[in-house]
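Novice: Please see the structure below; I have some questions.
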Amino acid sequence: MSLLRRRFNCAARPLPPVLAGFADARSVSDDQAVRQRLKCLTQQCGRRTFAGCASNEIVQNARRTSRVAKIVRLLGHSTGGRPAERLLGCFGMMVSDDTVLRCLKNRSATPSATALRVVGIDDWSWRRGQTYGTIIVDLERRCVVDVLADRSSTSVAAWLSAHPSIEIVSRDRQGLYAEGARIGAPQARQIADRFHLIQNLREVIEKQLGRLERPLRTKVSATAEIDDTRAGLRCLLQAKFEQVRRLYDAGKTATAITQELGLSRKRVDKWIRLNILPERNAMAPTRRSPAYYEGYLSRRSAERCTVVRRLLTEIKQLRFTGCYTHLARFVSPWRRRDRESKEVRATSTPSGLLAQDPVTGRQISPQMAAMRGFAMRFRGILRSRDGGKLDAWLEEACHSGIYALQRFARTAQGDLDAVRNAVTERWSNGQAEGQISRLKTLKRAMYDRAGVALLRARMLPFQPPGFHTN
């Protein structure tokens with residue numbers, strides 16, 4: 001049947017007058033600008049008529065050419081919704097910000113057909129400390145390939161399963177991404193980021209030096225350390241109490257004392273009515289508390305039995321109703337003491353003899369010198385790309401007798417393949433960190449109101465529209 005017999009009706013679809021100056025708009029003839037409605041020849045079809053496309057140069061369901069649509073997407077990708085609306089208005093194209101963003105998101109929703117081989121995965125914060133998303137970067141082409149709305153092993157595994165060509169996954173020390181890579185891409189090699197390895201080592205050493213972790217004491221048991229810490233807190237509290245009493249006896253008001261010392265008004269009002277700081281009240285132990293069975297647990301500890309699950313089974317027969325976590329916290333000083341007695345302190349030096357810093361020439365403690373040496377060696381291993389030295393370093397760190405190094409080494413041994421690949425491979429997550437900085441800039445420019453679809457549309461690389469350059 002000829003096209004004339006199939007034609008149901010036709011309607012003119014003129015382009016806006018402002019497009020008359022564009023070359024692609026002039027190439028669209030009057031016949032092409034006519035929208036035809038044709039009859040369907042299939043008898044079983046419920047739709048008797050359908051609309052035919054006027055021309056390939058004209059965007060379907062829109063009064064603009066394909067080239068103008070590319071301009072709209074380009075400005076939306078570069079500047080955002082409302083800035084693009086103002087710029088298009090200066091060009092005489094009346095397009096709203098909602099239309100600009102809708103065109104941009106619809107275009108970016110089409111998945112890329114490019115095969116991926118090396119990707120970097122990292123997290124970014126929707127709201128710092130509360131909710132996080134995930135960004136995935138193609139490390140070979142140095143561009144973002146996707147932005148996920150959450151930070152979970154399930155979403156990462158699903159995304160990796162949809163891309164079976166991936167051979168290498170670079171990630172940070174986040175356990176969720178390690179699990180997601182194992183599930184979604186078991187064929188891929190995982191690489192721990194070198195920057196995060198150095199950062200983790202620095203943090204544990206800083207905590208050790210700041211006494212936020214166990215103190216650097218060699219001949220004192222764990223129980224004595226806890227008692228010493230409690231005594232120190234008691235001394236600080238006693239000093240504050242005496243200072244409050246001294247200022248109050250000097251004639252200062254409770255309000256002035258609160259502002260000077262930075263204490264709460266409730267505490268100051270309570271202390272100025274006391275002559276002696278009372279001891280802290282302690283609750284009487286019940287069957288829910290491991291302290292109720294302290295005698296039995298002490299006897300079992302003297303018998304070198306500190307396995308928490310075994311002790312839990314034994315005291316449950318004595319009508320213990322508490323949980324595993326409370327028991328583990330209660331016996332942890334005894335377990336730590338037994339572990340210390342078995343470890344050989346490789347960094348022990350004669351009493352009163354201090355090491356010397358080779359850079360500054362100052363005297364430092366032997367533990368500090370040992371930690372500095374371990375940190376410099378680890379940094380050299382990462383730069384040397386020699387994976388054979390890593391195993392020896394981890395073994396020495398485990399037997400160093402320094403809690404910070406032992407903790408870091410045990411964590412690294414739990415992810416040994418990824419850490420070893422970080423030493424031997426050239427890939428890292430530096431590009432992902434840079435893309436996260438760009439994402440934060442875009443998110444703040446949009447006043448934190450952009451959803452994951454819009455962030456993905458603006459983070460993905462914009463395909464060049466093929467404009468004329470001459």
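Here, A, B, ... name the chains of the structure tokens in the order displayed, residue numbers run from 1 inside each chain, and ligands are numbered from 1 in the same displayed order.
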At a cut-off of 9 Å, using only C-alpha atoms, what residues contact region 412-418 of chain A? Leave out same-chain residues fewer than 3 positions from it and give the result as a PyMOL selection string.

Specialist: chain A and resi 170+173+178+189-193+197+391+394+407-409+421-423

Novice: Where in region 126-290 of chain A does DSSP assign strand (DSSP E or B), given as a ChimeraX atom specification?

Specialist: /A:126-127,131-138,143-148,168-171,189-192

Novice: Enumerate, as number ranges by chain, the complete set of residues in region 67-154 of chain A that a backbone-based DSSP assignment places in alpha helix (DSSP H).

Specialist: A: 67-79, 81-90, 97-108, 153-154

Novice: Suppose you want the space between CA of Val147 (chain A) and CA of Tyr132 (chain A); what is it in Å?

Specialist: 11.3 Å

Novice: For Leu139 (chain A), which residue out of A:Gly81, A:Gly373, A:Gly434, A:Gly262 is the nearest one, using only C-alpha atoms?

Specialist: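 Looking only at the distances to Leu139 (chain A), the closest residue turns out to be A:Gly434.
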
Novice: I'd like the neighbourhood of region 114-126 of chain A as an mmCIF file with C-alpha atoms, in the first residue's frame, where a residue qualifies if any of its atoms comes within 7 Å (using only C-alpha atoms), though same-chain residues fewer than 4 positions away should be ignored.

Specialist:
data_model
loop_
_atom_site.group_PDB
_atom_site.id
_atom_site.type_symbol
_atom_site.label_atom_id
_atom_site.label_comp_id
_atom_site.auth_asym_id
_atom_site.auth_seq_id
_atom_site.Cartn_x
_atom_site.Cartn_y
_atom_site.Cartn_z
ATOM 1 C CA THR A 131 24.929 8.514 55.019
ATOM 2 C CA TYR A 132 27.360 7.709 52.211
ATOM 3 C CA GLY A 133 27.307 6.918 48.503
ATOM 4 C CA THR A 134 29.735 5.132 46.181
ATOM 5 C CA ILE A 135 31.650 6.414 43.157
ATOM 6 C CA ILE A 136 33.211 4.123 40.531
ATOM 7 C CA VAL A 137 36.022 5.429 38.315
ATOM 8 C CA ASP A 138 37.617 3.964 35.187
ATOM 9 C CA LEU A 139 41.298 4.220 36.083
ATOM 10 C CA GLU A 140 42.502 3.615 32.519
ATOM 11 C CA ARG A 151 27.564 2.359 50.408
ATOM 12 C CA SER A 165 35.188 -7.722 31.933
ATOM 13 C CA ILE A 166 36.674 -6.103 35.057
ATOM 14 C CA GLU A 167 40.096 -7.530 35.942
ATOM 15 C CA ILE A 168 41.362 -5.174 38.681
ATOM 16 C CA VAL A 169 39.458 -3.430 41.495
ATOM 17 C CA SER A 170 41.267 -0.701 43.429
ATOM 18 C CA ARG A 171 39.590 0.200 46.726
ATOM 19 C CA ASP A 172 40.246 1.677 50.145
ATOM 20 C CA ASN A 429 42.704 5.213 44.172
ATOM 21 C CA ALA A 432 38.802 8.355 42.694
ATOM 22 C CA ILE A 436 35.154 12.879 44.859
#

Novice: List as JSON, numbers by chain the protein and nucleic acid residues near Ala185 (chain A), meaning an atom at most 8 Å away when only C-alpha atoms are counted, but skip any in the same chain fewer than 4 places from it.

Specialist: {"A": [157, 160, 161, 164, 166, 180, 181]}

Novice: I need the chosen residues saved as a PDB file, in the first residue's frame, with N, CA, C and O atoms.

Specialist:
ATOM      1  N   ALA A 157      28.380  -5.336  44.598  1.00  0.00           N
ATOM      2  CA  ALA A 157      28.433  -6.660  43.980  1.00  0.00           C
ATOM      3  C   ALA A 157      27.514  -6.732  42.763  1.00  0.00           C
ATOM      4  O   ALA A 157      27.869  -7.323  41.734  1.00  0.00           O
ATOM      5  N   LEU A 160      29.223  -4.800  39.889  1.00  0.00           N
ATOM      6  CA  LEU A 160      30.361  -5.543  39.337  1.00  0.00           C
ATOM      7  C   LEU A 160      29.906  -6.777  38.565  1.00  0.00           C
ATOM      8  O   LEU A 160      30.541  -7.162  37.575  1.00  0.00           O
ATOM      9  N   SER A 161      28.826  -7.412  39.006  1.00  0.00           N
ATOM     10  CA  SER A 161      28.314  -8.579  38.279  1.00  0.00           C
ATOM     11  C   SER A 161      27.842  -8.204  36.882  1.00  0.00           C
ATOM     12  O   SER A 161      27.904  -9.024  35.963  1.00  0.00           O
ATOM     13  N   PRO A 164      31.337  -8.046  33.673  1.00  0.00           N
ATOM     14  CA  PRO A 164      32.249  -9.195  33.870  1.00  0.00           C
ATOM     15  C   PRO A 164      33.639  -9.006  33.288  1.00  0.00           C
ATOM     16  O   PRO A 164      34.509  -9.849  33.522  1.00  0.00           O
ATOM     17  N   ILE A 166      35.774  -6.765  34.108  1.00  0.00           N
ATOM     18  CA  ILE A 166      36.674  -6.103  35.057  1.00  0.00           C
ATOM     19  C   ILE A 166      37.720  -7.091  35.557  1.00  0.00           C
ATOM     20  O   ILE A 166      37.398  -8.210  35.977  1.00  0.00           O
ATOM     21  N   GLY A 180      32.034  -6.872  48.589  1.00  0.00           N
ATOM     22  CA  GLY A 180      31.313  -6.701  47.335  1.00  0.00           C
ATOM     23  C   GLY A 180      32.126  -7.128  46.131  1.00  0.00           C
ATOM     24  O   GLY A 180      31.591  -7.728  45.184  1.00  0.00           O
ATOM     25  N   ALA A 181      33.438  -6.847  46.150  1.00  0.00           N
ATOM     26  CA  ALA A 181      34.298  -7.272  45.034  1.00  0.00           C
ATOM     27  C   ALA A 181      34.460  -8.787  45.005  1.00  0.00           C
ATOM     28  O   ALA A 181      34.526  -9.388  43.928  1.00  0.00           O
TER      29      ALA A 181
END
